[in-house]
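So this block is protein25.txt, compact mmCIF, C-alpha atoms:
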# COMPACT_ATOMS: atom_id res chain seq x y z
CA MET N 1 -1.57 273.62 291.17
CA VAL N 2 -3.01 270.24 292.13
CA ASP N 3 -1.70 266.72 292.01
CA THR N 4 -3.81 264.37 289.91
CA ASN N 5 -5.02 262.39 292.88
CA VAL N 6 -6.88 265.43 294.24
CA VAL N 7 -8.80 265.69 290.96
CA LEU N 8 -9.48 261.95 291.02
CA ASP N 9 -10.85 262.27 294.58
CA VAL N 10 -13.60 264.56 293.30
CA VAL N 11 -14.73 261.92 290.82
CA ARG N 12 -14.35 259.11 293.38
CA LEU N 13 -16.99 260.79 295.55
CA VAL N 14 -19.53 260.94 292.71
CA LEU N 15 -18.73 257.39 291.58
CA VAL N 16 -19.24 255.93 295.05
CA ALA N 17 -22.68 257.57 295.31
CA LYS N 18 -24.01 255.60 292.33
CA PRO N 19 -25.39 252.54 294.18
CA LEU N 20 -27.32 254.71 296.64
CA TYR N 21 -28.55 256.92 293.80
CA GLU N 22 -29.77 253.89 291.85
CA ALA N 23 -31.36 252.24 294.88
CA MET N 24 -33.30 255.42 295.58
CA MET N 25 -34.28 256.24 292.02
CA LYS N 26 -35.34 252.71 291.11
CA ASP N 27 -36.78 251.83 294.49
CA LEU N 28 -34.59 248.72 294.63
CA LYS N 29 -35.32 246.31 297.44
CA ASP N 30 -33.27 243.24 296.58
CA VAL N 31 -30.60 242.15 299.00
CA GLU N 32 -27.67 242.47 296.59
CA ALA N 33 -28.56 246.05 295.67
CA LEU N 34 -28.86 246.98 299.33
CA ARG N 35 -25.56 245.30 300.13
CA GLN N 36 -23.96 247.47 297.46
CA VAL N 37 -25.51 250.58 298.98
CA ALA N 38 -24.10 249.68 302.40
CA SER N 39 -20.71 248.95 300.89
CA ALA N 40 -20.72 252.22 298.94
CA VAL N 41 -21.48 254.34 302.01
CA ASP N 42 -18.86 252.51 304.00
CA GLY N 43 -16.32 253.17 301.24
CA ILE N 44 -16.56 256.96 301.50
CA ASN N 45 -13.31 258.60 302.48
CA ARG N 46 -13.42 262.00 304.19
CA ARG N 47 -10.42 263.03 302.12
CA TRP N 48 -12.61 262.84 299.00
CA VAL N 49 -15.06 265.24 300.63
CA ALA N 50 -12.22 267.62 301.50
CA SER N 51 -10.78 267.44 297.97
CA PHE N 52 -14.21 268.14 296.49
CA LEU N 53 -14.74 271.14 298.73
CA PHE N 54 -11.24 272.48 298.27
CA LEU N 55 -11.28 272.35 294.49
CA SER N 56 -14.85 273.69 294.33
CA TYR N 57 -13.68 276.81 296.12
CA LYS N 58 -10.25 277.16 294.61
CA CYS N 59 -10.44 275.89 291.06
CA MET N 60 -12.87 278.32 289.55
CA ARG N 61 -12.31 279.05 285.93
CA GLY N 62 -9.53 281.53 285.32
CA SER N 63 -8.15 281.36 288.86
CA GLY N 64 -5.00 279.48 287.86
CA CYS N 65 -5.75 275.91 288.90
CA PHE N 66 -3.52 273.48 287.04
CA VAL N 67 -2.16 270.00 286.85
CA VAL N 68 1.31 269.86 285.32
CA ASP N 69 1.72 268.21 281.95
CA PHE N 70 3.38 265.07 283.25
CA ALA N 71 -0.07 264.20 284.66
CA ARG N 72 -1.18 263.70 281.08
CA ARG N 73 1.84 261.70 280.06
CA ILE N 74 2.57 259.65 283.18
CA GLU N 75 0.06 259.82 286.02
CA LEU N 76 -3.21 259.36 284.16
CA PRO N 77 -1.97 256.58 281.89
CA ARG N 78 -0.74 254.90 285.10
CA VAL N 79 -4.25 255.09 286.61
CA PHE N 80 -5.95 253.85 283.46
CA THR N 81 -3.43 251.05 283.12
CA LYS N 82 -4.18 250.01 286.70
CA LEU N 83 -7.87 249.93 285.84
CA LEU N 84 -7.16 247.90 282.75
CA LEU N 85 -4.99 245.39 284.58
CA GLY N 86 -7.49 245.16 287.43
CA GLY N 87 -10.18 244.17 284.93
CA ALA N 88 -12.27 247.28 285.63
CA LEU N 89 -11.74 248.64 282.16
CA SER N 90 -12.13 246.87 278.88
CA VAL N 91 -10.52 248.83 276.11
CA GLY N 92 -12.01 248.42 272.66
CA ARG N 93 -9.08 247.56 270.42
CA GLY N 94 -9.23 249.93 267.49
CA GLY N 95 -6.14 248.74 265.70
CA GLY N 96 -3.58 250.78 267.63
CA SER N 97 -1.36 249.51 270.42
CA LEU N 98 -2.87 248.96 273.85
CA LEU N 99 -0.63 251.69 275.23
CA ASP N 100 -1.86 254.16 272.62
CA GLU N 101 -5.44 253.42 273.61
CA VAL N 102 -4.78 253.89 277.30
CA VAL N 103 -2.95 257.14 276.63
CA GLY N 104 -5.79 258.25 274.34
CA LEU N 105 -8.35 257.54 277.04
CA ALA N 106 -6.28 259.47 279.58
CA GLU N 107 -5.98 262.38 277.14
CA ARG N 108 -9.76 262.50 276.57
CA TRP N 109 -10.41 262.33 280.29
CA LEU N 110 -7.92 265.10 281.01
CA SER N 111 -9.43 267.29 278.35
CA MET N 112 -12.81 266.82 280.06
CA VAL N 113 -11.22 267.68 283.42
CA GLY N 114 -10.12 270.95 281.85
CA SER N 115 -13.51 271.87 280.45
CA SER N 116 -15.64 270.46 283.29
CA LEU N 117 -13.71 271.39 286.41
CA GLY N 118 -11.70 274.32 285.12
CA VAL N 119 -8.36 272.62 285.79
CA GLY N 120 -5.87 273.53 283.08
CA VAL N 121 -2.67 271.78 282.06
CA LEU N 122 0.55 273.61 282.81
CA SER N 123 3.61 272.89 280.71
CA LEU N 124 6.85 272.46 282.61
CA CYS N 125 9.66 274.81 281.61
CA TYR N 126 13.41 275.01 281.99
CA GLY N 127 13.10 277.17 285.13
CA ASP N 128 11.04 274.48 286.88
CA PHE N 129 13.79 271.92 286.30
CA GLU N 130 16.42 274.42 287.47
CA VAL N 131 14.57 274.89 290.77
CA ALA N 132 14.16 271.12 291.07
CA ARG N 133 17.93 270.84 290.74
CA GLU N 134 18.31 273.29 293.65
CA VAL N 135 15.90 271.19 295.73
CA VAL N 136 18.01 268.10 295.09
CA LYS N 137 21.15 270.07 296.04
CA ALA N 138 19.54 271.06 299.33
CA TYR N 139 19.07 267.38 300.04
CA GLY N 140 22.55 266.47 298.90
CA SER N 141 23.91 267.33 302.33
CA CYS N 142 21.66 264.69 303.87
CA GLY N 143 24.02 261.93 302.75
CA ALA N 144 24.09 259.55 299.84
CA ARG N 145 21.36 257.23 301.13
CA SER N 146 18.91 260.09 301.52
CA LEU N 147 19.86 261.59 298.19
CA ALA N 148 18.96 258.29 296.55
CA ARG N 149 15.53 258.50 298.15
CA VAL N 150 15.18 262.08 296.94
CA LEU N 151 15.91 260.97 293.40
CA ASP N 152 13.38 258.14 293.79
CA ASN N 153 10.84 260.88 294.32
CA ALA N 154 12.08 263.11 291.53
CA ILE N 155 8.64 263.64 289.99
CA ASP N 156 7.18 264.77 293.31
CA ILE N 157 10.10 267.14 293.75
CA LEU N 158 9.38 268.56 290.33
CA LEU N 159 5.82 269.39 291.44
CA VAL N 160 6.97 271.31 294.49
CA ALA N 161 9.78 272.93 292.48
CA THR N 162 7.25 274.11 289.88
CA ALA N 163 5.06 275.58 292.63
CA LEU N 164 8.11 277.34 294.10
CA ASN N 165 9.32 278.59 290.72
CA ARG N 166 5.95 280.11 289.90
CA GLY N 167 4.78 281.07 293.40
CA TYR N 168 1.65 278.93 293.07
CA GLY N 169 -0.05 277.06 295.88
CA PHE N 170 0.27 273.29 295.56
CA VAL N 171 -2.49 270.91 296.65
CA THR N 172 -1.59 267.29 297.27
CA THR N 173 -2.87 264.21 299.06
CA ASP N 174 0.60 262.70 299.39
CA ARG N 175 1.79 262.96 303.00
CA ARG N 176 5.01 261.21 302.06
CA LEU N 177 5.86 264.15 299.83
CA VAL N 178 5.20 266.69 302.57
CA CYS N 179 7.07 264.63 305.17
CA GLY N 180 9.92 263.94 302.78
CA LEU N 181 10.54 267.60 302.09
CA GLY N 182 9.80 268.47 305.74
CA ASN N 183 12.17 270.81 307.55
CA ARG N 184 14.36 271.54 304.54
CA ILE N 185 11.86 272.78 301.96
CA VAL N 186 8.43 272.37 303.53
CA THR N 187 7.99 273.92 306.96
CA GLY N 188 5.17 273.99 309.46
CA VAL N 189 4.36 270.32 308.98
CA GLY N 190 2.87 268.88 312.12
CA GLN N 191 2.29 272.31 313.65
CA VAL N 192 -0.95 272.96 311.89
CA SER N 193 -3.40 271.89 314.55
CA GLY N 194 -2.21 274.60 316.95
CA GLY N 195 -1.97 277.33 314.34
CA TYR N 196 -4.28 279.15 312.01
CA VAL N 197 -6.16 276.76 309.75
CA PRO N 198 -7.87 278.92 307.13
CA TRP N 199 -10.11 276.07 306.11
CA GLY N 200 -11.52 275.61 309.59
CA SER N 201 -11.23 271.95 308.83
CA ASP N 202 -9.06 269.20 310.19
CA LEU N 203 -8.69 267.74 306.72
CA VAL N 204 -6.75 270.42 304.84
CA CYS N 205 -3.32 271.03 306.34
CA PRO N 206 -1.51 274.14 305.08
CA ALA N 207 2.28 274.40 305.19
CA ASP N 208 4.92 276.63 303.60
CA ALA N 209 7.56 275.73 301.04
CA ARG N 210 10.69 277.89 300.96
CA LEU N 211 13.93 277.65 299.04
CA SER N 212 16.93 279.97 298.75
CA VAL N 213 18.18 280.25 295.20
CA GLY N 214 21.19 282.46 294.51
CA GLY N 215 20.64 285.61 296.50
CA GLY N 216 16.85 285.37 296.53
CA GLY N 217 14.18 283.25 298.09
CA LEU N 218 11.28 281.34 296.59
CA SER N 219 8.12 280.49 298.48
CA ALA N 220 4.83 278.69 297.91
CA LYS N 221 1.89 277.46 299.97
CA ILE N 222 1.44 273.72 300.27
CA TYR N 223 -1.96 272.21 301.12
CA LEU N 224 -1.99 268.61 302.18
CA ILE N 225 -5.45 267.05 302.04
CA HIS N 226 -5.36 264.24 304.49
CA GLU N 227 -7.58 262.37 306.94
CA GLN N 228 -6.05 264.26 309.83
CA CYS N 229 -3.87 267.31 310.19
CA ASN N 230 -1.97 266.40 313.33
CA LEU N 231 0.57 264.90 311.00
CA GLN N 232 3.34 262.94 312.65
CA CYS N 233 5.92 262.00 310.06
CA SER N 234 7.52 258.63 310.55
CA GLU N 235 11.25 258.11 310.04
CA GLY N 236 10.44 256.08 306.95
CA GLU N 237 8.65 259.05 305.40
CA ARG N 238 11.48 261.51 306.01
CA TRP N 239 14.01 261.66 303.24
CA CYS N 240 16.62 263.58 305.19
CA LEU N 241 17.78 262.12 308.48
CA GLN N 242 18.08 264.90 311.09
CA MET A 1 -41.07 268.18 313.54
CA PHE A 2 -43.50 269.40 310.93
CA GLY A 3 -43.64 273.15 310.69
CA VAL A 4 -43.15 275.96 308.23
CA SER A 5 -39.43 275.28 308.24
CA GLN A 6 -40.03 271.67 307.14
CA LEU A 7 -42.20 272.91 304.27
CA VAL A 8 -39.37 275.17 303.14
CA VAL A 9 -37.05 272.17 302.83
CA GLU A 10 -39.77 270.15 301.09
CA ARG A 11 -39.83 272.85 298.44
CA LEU A 12 -36.11 272.33 297.84
CA VAL A 13 -36.61 268.68 296.93
CA GLU A 14 -39.71 269.16 294.80
CA GLY A 15 -39.74 266.79 291.84
CA VAL A 16 -37.13 264.51 293.41
CA SER A 17 -37.82 260.81 293.89
CA GLY A 18 -39.58 259.84 297.12
CA GLU A 19 -36.70 258.23 298.93
CA VAL A 20 -34.14 260.96 298.30
CA ARG A 21 -36.75 263.40 299.52
CA GLU A 22 -37.32 261.26 302.62
CA LEU A 23 -33.61 261.18 303.38
CA VAL A 24 -33.20 264.95 303.00
CA LEU A 25 -36.22 265.55 305.23
CA ALA A 26 -35.06 263.03 307.84
CA LEU A 27 -31.68 264.76 308.00
CA TYR A 28 -33.24 268.19 308.23
CA ASP A 29 -35.59 266.99 310.93
CA VAL A 30 -32.67 265.74 313.01
CA PHE A 31 -30.70 268.98 312.61
CA ALA A 32 -33.63 271.35 313.04
CA SER A 33 -34.96 269.59 316.13
CA THR A 34 -31.47 269.55 317.63
CA TYR A 35 -30.68 273.18 316.78
CA LYS A 36 -33.74 275.33 317.41
CA LYS A 37 -31.92 278.47 316.19
CA LEU A 38 -31.32 276.82 312.83
CA TYR A 39 -35.03 276.02 312.55
CA ASN A 40 -35.92 279.65 313.35
CA LEU A 41 -33.32 280.99 310.93
CA VAL A 42 -34.68 278.95 308.01
CA GLU A 43 -38.25 279.91 308.84
CA SER A 44 -37.62 283.65 309.12
CA PHE A 45 -35.34 283.71 306.05
CA ASP A 46 -38.01 282.10 303.90
CA GLY A 47 -40.64 284.43 305.34
CA ASP A 48 -38.55 287.49 304.48
CA LEU A 49 -37.86 286.11 300.99
CA SER A 50 -41.58 285.74 300.37
CA ARG A 51 -42.06 289.36 301.45
CA GLY A 52 -39.08 290.47 299.33
CA ILE A 53 -37.25 292.14 302.23
CA VAL A 54 -34.09 290.09 302.79
CA ASP A 55 -31.08 291.79 304.37
CA VAL A 56 -28.20 289.53 303.30
CA ASP A 57 -25.70 291.00 305.79
CA GLU A 58 -28.08 290.47 308.66
CA TYR A 59 -28.78 286.86 307.67
CA TYR A 60 -25.09 286.14 307.30
CA ARG A 61 -24.51 287.49 310.82
CA GLU A 62 -27.39 285.34 312.08
CA ALA A 63 -25.91 282.30 310.34
CA GLU A 64 -22.62 282.99 312.15
CA ASP A 65 -24.53 283.29 315.40
CA VAL A 66 -26.34 279.99 314.80
CA VAL A 67 -23.05 278.23 314.10
CA ARG A 68 -21.40 279.73 317.20
CA SER A 69 -24.19 278.32 319.33
CA MET A 70 -24.12 274.91 317.64
CA TYR A 71 -22.32 272.19 319.48
CA LEU A 72 -21.77 269.58 316.78
CA ASP A 73 -21.94 266.37 318.73
CA ALA A 74 -21.48 263.90 315.91
CA TYR A 75 -22.14 260.88 318.18
CA TYR A 76 -25.49 262.32 319.23
CA LEU A 77 -26.45 263.34 315.67
CA ALA A 78 -25.47 259.94 314.26
CA GLY A 79 -27.60 258.24 316.92
CA ARG A 80 -30.62 260.46 316.20
CA LEU A 81 -30.23 259.93 312.48
CA ASN A 82 -30.00 256.19 312.86
CA GLU A 83 -33.23 256.20 314.86
CA ALA A 84 -34.92 258.26 312.14
CA LEU A 85 -33.66 256.13 309.24
CA VAL A 86 -34.67 252.73 310.56
CA ARG A 87 -38.30 253.87 310.37
CA HIS A 88 -37.95 254.44 306.63
CA PRO A 89 -38.17 252.19 303.52
CA GLU A 90 -35.49 249.61 302.81
CA PRO A 91 -32.82 251.66 300.96
CA LEU A 92 -32.80 254.18 303.82
CA LYS A 93 -33.07 251.55 306.51
CA VAL A 94 -29.83 250.00 305.24
CA LEU A 95 -27.86 253.22 305.78
CA PRO A 96 -27.35 253.05 309.55
CA GLY A 97 -25.93 249.57 309.07
CA ALA A 98 -23.52 250.75 306.38
CA ALA A 99 -21.01 251.85 309.00
CA PRO A 100 -20.80 251.21 312.74
CA THR A 101 -23.91 252.80 314.19
CA GLN A 102 -23.80 255.94 316.28
CA SER A 103 -20.32 256.83 315.13
CA PRO A 104 -19.29 260.25 313.80
CA ASP A 105 -17.56 258.48 310.94
CA ALA A 106 -20.88 256.98 309.83
CA LEU A 107 -22.45 260.43 309.87
CA TYR A 108 -19.69 261.98 307.75
CA LYS A 109 -19.86 259.11 305.30
CA LEU A 110 -23.61 259.38 304.98
CA LEU A 111 -23.42 263.16 304.44
CA GLY A 112 -20.68 262.70 301.83
CA VAL A 113 -22.52 260.05 299.85
CA LEU A 114 -25.79 262.00 300.05
CA ALA A 115 -24.01 265.00 298.54
CA GLY A 116 -22.90 262.75 295.68
CA VAL A 117 -26.47 261.49 295.17
CA LEU A 118 -27.85 265.03 295.13
CA PHE A 119 -25.22 266.17 292.62
CA ARG A 120 -26.19 263.30 290.34
CA ILE A 121 -29.87 264.19 290.58
CA ALA A 122 -29.27 267.95 290.31
CA CYS A 123 -27.24 267.68 287.14
CA GLY A 124 -30.09 265.86 285.43
CA PHE A 125 -32.14 269.05 285.77
CA GLU A 126 -31.76 272.34 283.96
CA GLY A 127 -32.20 275.86 285.26
CA SER A 128 -32.84 276.78 288.86
CA ARG A 129 -33.76 273.23 290.01
CA ARG A 130 -30.20 272.23 289.21
CA GLY A 131 -28.81 275.04 291.34
CA VAL A 132 -31.19 274.41 294.25
CA LEU A 133 -30.15 270.76 294.53
CA VAL A 134 -26.43 271.36 293.95
CA LEU A 135 -26.45 273.89 296.80
CA LEU A 136 -28.31 271.42 299.00
CA GLY A 137 -25.62 268.85 298.15
CA TYR A 138 -22.94 271.34 299.17
CA THR A 139 -24.76 271.79 302.48
CA TYR A 140 -24.04 268.13 303.29
CA LEU A 141 -20.53 268.36 301.89
CA GLY A 142 -19.88 271.38 304.11
CA LEU A 143 -21.10 269.50 307.18
CA ALA A 144 -19.05 266.43 306.30
CA GLY A 145 -15.99 268.62 305.64
CA GLY A 146 -16.18 270.44 308.97
CA ARG A 147 -17.46 273.74 307.59
CA PRO A 148 -20.77 274.29 309.39
CA LEU A 149 -21.03 278.02 308.60
CA ASP A 150 -20.69 277.31 304.90
CA ALA A 151 -23.28 274.54 305.28
CA VAL A 152 -25.83 276.96 306.77
CA VAL A 153 -25.06 279.55 304.07
CA PHE A 154 -25.48 276.91 301.33
CA THR A 155 -28.88 275.98 302.82
CA LEU A 156 -30.02 279.61 302.82
CA ALA A 157 -28.72 280.11 299.28
CA SER A 158 -30.60 277.02 298.14
CA ILE A 159 -33.81 278.36 299.70
CA ALA A 160 -33.25 281.73 298.00
CA LEU A 161 -32.73 280.07 294.62
CA ALA A 162 -35.90 278.00 295.07
CA ARG A 163 -37.71 281.31 295.59
CA ALA A 164 -36.20 282.57 292.31
CA ARG A 165 -33.85 284.92 294.17
CA GLY A 166 -30.55 284.03 292.53
CA ASP A 167 -29.29 287.50 293.46
CA VAL A 168 -29.73 286.79 297.18
CA ALA A 169 -28.15 283.33 296.80
CA ALA A 170 -25.11 284.78 295.01
CA GLU A 171 -24.70 287.56 297.60
CA LEU A 172 -24.86 285.10 300.50
CA LEU A 173 -22.35 282.76 298.90
CA LYS A 174 -19.90 285.62 298.32
CA ARG A 175 -19.66 285.93 302.12
CA VAL A 176 -18.05 282.47 302.22
CA ASP A 177 -15.94 283.02 299.08
CA VAL A 178 -18.13 280.88 296.87
CA ASP A 179 -19.17 281.70 293.34
CA LEU A 180 -22.72 280.48 292.65
CA GLU A 181 -22.27 279.63 289.00
CA GLY A 182 -18.83 278.20 289.71
CA VAL A 183 -19.93 275.61 292.27
CA ILE A 184 -22.85 274.50 290.13
CA ASN A 185 -20.55 274.03 287.13
CA PHE A 186 -17.96 272.27 289.25
CA ALA A 187 -20.41 269.76 290.75
CA CYS A 188 -21.93 269.00 287.36
CA GLY A 189 -18.47 268.77 285.84
CA ALA A 190 -17.61 266.11 288.42
CA VAL A 191 -20.80 264.21 287.53
CA GLU A 192 -19.94 264.46 283.83
CA LEU A 193 -16.45 263.05 284.49
CA ALA A 194 -17.86 260.21 286.60
CA LYS A 195 -20.32 259.34 283.81
CA PHE A 196 -17.52 259.35 281.25
CA LEU A 197 -15.79 256.64 283.30
CA GLU A 198 -19.02 254.73 284.01
CA ASP A 199 -19.80 254.60 280.29
CA ARG A 200 -16.53 252.68 279.97
CA GLY A 201 -17.41 250.27 282.74
CA ILE A 202 -15.33 251.99 285.42
CA SER A 203 -17.14 252.22 288.74
CA SER A 204 -14.23 253.10 291.00
CA ILE A 205 -10.74 254.56 290.76
CA PRO A 206 -7.87 252.85 292.59
CA GLU A 207 -5.90 254.90 295.12
In C-alpha cells, what does this structure look like?
Amino acid sequence: MVDTNVVLDVVRLVLVAKPLYEAMMKDLKDVEALRQVASAVDGINRRWVASFLFLSYKCMRGSGCFVVDFARRIELPRVFTKLLLGGALSVGRGGGSLLDEVVGLAERWLSMVGSSLGVGVLSLCYGDFEVAREVVKAYGSCGARSLARVLDNAIDILLVATALNRGYGFVTTDRRLVCGLGNRIVTGVGQVSGGYVPWGSDLVCPADARLSVGGGGLSAKIYLIHEQCNLQCSEGERWCLQ
Amino acid sequence: MFGVSQLVVERLVEGVSGEVRELVLALYDVFASTYKKLYNLVESFDGDLSRGIVDVDEYYREAEDVVRSMYLDAYYLAGRLNEALVRHPEPLKVLPGAAPTQSPDALYKLLGVLAGVLFRIACGFEGSRRGVLVLLGYTYLGLAGGRPLDAVVFTLASIALARARGDVAAELLKRVDVDLEGVINFACGAVELAKFLEDRGISSIPE
C-alpha cells in the first residue's frame, strides 16, 4: 500500500527531466533554455529516485500495490486544486462546477495510475476503521493534548491502520507519520542505519508497525522513503510525549 | 577510453540524438576508466553474447565481484564527470554548473535526471529499442539510488537485449528481483502519466 505522494514522486522525476530532454533533442543553445536545464537538474530530489526504484520493484501488476480510496476523493483533488490555485493548471470550464472538474481530472489521472503503474485502488472497510479506533485508543493514554494531535492526523492513522488490518506493507514519504506513531505503533524508527536494510540504500527506511487488538496482534512493515535514514524525530513530530 | 567496451555502449544508444548519446558515453567513459573490472566485464559479456555462450550465473557472480571491488567515491566521480562534460556542446556543458561542482549531490541529480531523459526517449520507441533504453535508464537510477549491483545488472541486461537476447536479460534481472516486462511497463507508464499532466499545462507537482 502506498501513500499518494510516493506515486507522485515517480511522475515528478519524469516531469523534471523535460527541459534537459528538450534541450538535447532540439539542440537548444539559447540562454533561457539552458537556464531551465540547470534549474531542472538542480531540482532533482533523491527521494524521487528512491520512490521510482521502490515502486518499480514492488508495484508489479498483481502484486497487491494499492492506494486507498480516500486518495481519489481527498488527496488527489487536493493536489490538483493546489495546481489550479498556483496557476499551473487551467481547467477548461465545461459547464460543471470547478470542484467537479478538479475531481474529474483527479479521477482520470488515478485511473491512468492504475493502468500505467499497476497501482490499484483499495476500498476502506469497517475493519480498517475498527483498527484505527484501536490506534487512537493506544494514544489516548498519552494525554488530551497528544490525543488532539492524533485526531489531527486521523487520515494518516487510517492508512497505517489499514496496513495493520490487512497485513500489507505501507510505503510513505511522510516522516511525521512515522515519528508520530513512533514507539507505540511503529517501532525501529531511528535504528535503521545500524540494522539490516534490505534495500541497501540510505533512502528507504524500513520499520515495523505492531498493535495488540483483543487477544491477538497485528503487524505490518512500514517503509519510509526519505532523504536519509538516520531519522531523528523531533519533539514536535512526536504525538505522544514519553 | 575508446575500446570494444565503448562500442558496446554505443550500440545501446543507436538511433538516439547526438547529445544524449554523448552524455551516456561520457558517463560510461568516466565509470569504465575508473573501474577497470567493469570495463572488462562489459567487454567479455558482449563477446560471450556474440558467441552465444553466456552463463548467467557466472556473470551475476562477476557483477557481484565487480561491485565488491568498487569504491564509489562520489566526489571523485563528480569531478571526473565535470571535466568530461565541459568539453561537450552547450546543453551538456551546462550540467556541471547545475549544482555545486564536484559534489556527490550533483552526481546523483545528474544520474536521476538522465534516467528521466532516457525513459522519455525509450518510450517513444517500440520493441527492443524501448527495452534497451529503459534498462539503461534504470542503470543510472540504480546508481543514483545507491544500488550499484542492480546498476551493473541493468547494464548487462541492456546489452543482452540489444543483442536480441531477451532471455538472458530476463534471467539476469531475476537475480535482483526485477521483472523485465514489468520495469519497462512501469517506466513507460510514468512517462505516460507525466505527458497526461503536461498536456494540461502542468510541468511540476507541488510537494
Would you list which chain A residues are within 8 Å of chain N using all atoms listed in the file, as an NGL selection string?
:A and (17-20 or 90-91 or 94-95 or 97-99 or 106 or 108-110 or 112-114 or 116-117 or 119-120 or 141-142 or 144-147 or 177-179 or 182-183 or 185-194 or 196 or 200-207)
Using 5 Å of padding on each side, determine the axis-aligned box around all atoms of segment 99-116 of chain N present in the file and give its centre and edge lengths in Å to one decimal, as AutoDock Vina command-line options.
--center_x -8.1 --center_y 261.8 --center_z 278.0 --size_x 25.0 --size_y 30.2 --size_z 20.8
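Non-sequential neighbours of segment 66-80 of chain A (distance at most 9 Å, separation of 2 or more positions within a chain, all atoms listed in the file) are A:Val30, A:Phe31, A:Thr34, A:Tyr35, A:Lys37, A:Leu38, A:Leu41, A:Arg61, A:Glu62, A:Ala63, A:Glu64, A:Asn82, A:Glu83, A:Ala84, A:Leu85, A:Pro96, A:Thr101, A:Gln102, A:Ser103, A:Pro104, A:Asp105, A:Ala106, A:Leu107, A:Tyr108, A:Pro148, A:Leu149, A:Val152.
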Would you save the residues from that selection as a JSON list (two decimals), in the coordinates of the input, using C-alpha atoms?
[["chain", "number", "residue", "atom", "x", "y", "z"],
["A", 30, "VAL", "CA", -32.67, 265.74, 313.01],
["A", 31, "PHE", "CA", -30.70, 268.98, 312.61],
["A", 34, "THR", "CA", -31.47, 269.55, 317.63],
["A", 35, "TYR", "CA", -30.68, 273.18, 316.78],
["A", 37, "LYS", "CA", -31.92, 278.47, 316.19],
["A", 38, "LEU", "CA", -31.32, 276.82, 312.83],
["A", 41, "LEU", "CA", -33.32, 280.99, 310.93],
["A", 61, "ARG", "CA", -24.51, 287.49, 310.82],
["A", 62, "GLU", "CA", -27.39, 285.34, 312.08],
["A", 63, "ALA", "CA", -25.91, 282.30, 310.34],
["A", 64, "GLU", "CA", -22.62, 282.99, 312.15],
["A", 82, "ASN", "CA", -30.00, 256.19, 312.86],
["A", 83, "GLU", "CA", -33.23, 256.20, 314.86],
["A", 84, "ALA", "CA", -34.92, 258.26, 312.14],
["A", 85, "LEU", "CA", -33.66, 256.13, 309.24],
["A", 96, "PRO", "CA", -27.35, 253.05, 309.55],
["A", 101, "THR", "CA", -23.91, 252.80, 314.19],
["A", 102, "GLN", "CA", -23.80, 255.94, 316.28],
["A", 103, "SER", "CA", -20.32, 256.83, 315.13],
["A", 104, "PRO", "CA", -19.29, 260.25, 313.80],
["A", 105, "ASP", "CA", -17.56, 258.48, 310.94],
["A", 106, "ALA", "CA", -20.88, 256.98, 309.83],
["A", 107, "LEU", "CA", -22.45, 260.43, 309.87],
["A", 108, "TYR", "CA", -19.69, 261.98, 307.75],
["A", 148, "PRO", "CA", -20.77, 274.29, 309.39],
["A", 149, "LEU", "CA", -21.03, 278.02, 308.60],
["A", 152, "VAL", "CA", -25.83, 276.96, 306.77]]
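In this model, the gap between atom CA of Ala26 of chain A and atom CA of Tyr59 of chain A comes to 24.6 Å.
Interatomic distance, atom CA of Pro89 of chain A to atom CA of Leu23 of chain A: 10.1 Å.
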Counting only C-alpha atoms, the residue among A:Lys93, A:Arg130, A:Arg51, A:Arg87 that lies closest to Gly15 of chain A is A:Arg130
Notebook entry, point to check: Do you know which residues are at most 10 Å from segment 224-241 of chain N counting all atoms listed in the file, after dropping those on the same chain fewer than 4 positions away, and could you put them as a count of residues only?
Noted result: 51
Between A:Leu12, A:Ala162, A:Leu197, A:Asp150, smallest distance to Tyr60 of chain A by all atoms listed in the file belongs to A:Asp150
Quick one: residues within 12 Å of Arg73 of chain N, only C-alpha atoms, excluding same-chain residues fewer than 4 positions away - as a ChimeraX atom specification?
/N:4,67-69,77-80,99-100,102-107,110,121,123
As a check of understanding: the span from atom CA of Leu158 of chain N to atom CA of Leu85 of chain N is 27.9 Å
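Among the candidates A:Val54, A:Leu25, A:Val16, A:Ile184, the one nearest to Glu171 of chain A when counting all atoms listed in the file is A:Val54.
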* List the neighbours of Ser50 of chain A out to 10 Å using all atoms listed in the file; skip same-chain residues closer than 5 positions along the sequence, and give me the result as a PyMOL selection string. => chain A and resi 44-45+160+163+165
Prev. selection, C-alpha atoms, output as a PDB file, in the frame of the given file:
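File result.pdb, as written:
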ATOM      1  CA  SER A  44     -37.620 283.650 309.120  1.00  0.00           C
ATOM      2  CA  PHE A  45     -35.340 283.710 306.050  1.00  0.00           C
ATOM      3  CA  ALA A 160     -33.250 281.730 298.000  1.00  0.00           C
ATOM      4  CA  ARG A 163     -37.710 281.310 295.590  1.00  0.00           C
ATOM      5  CA  ARG A 165     -33.850 284.920 294.170  1.00  0.00           C
TER       6      ARG A 165
END
Among A:Val24, A:Ala32, A:Val8, A:Leu92, Gly47 of chain A is approached most closely, using all atoms listed in the file, by A:Val8
Please provide as an NGL selection string all residues within 12 Å of Arg133 of chain N, with the sequence filter that same-chain residues fewer than 3 positions apart are discarded (counting all atoms listed in the file).
:N and (126-130 or 136-140 or 150-151 or 154-155 or 157-158 or 160-162 or 165 or 211 or 213)
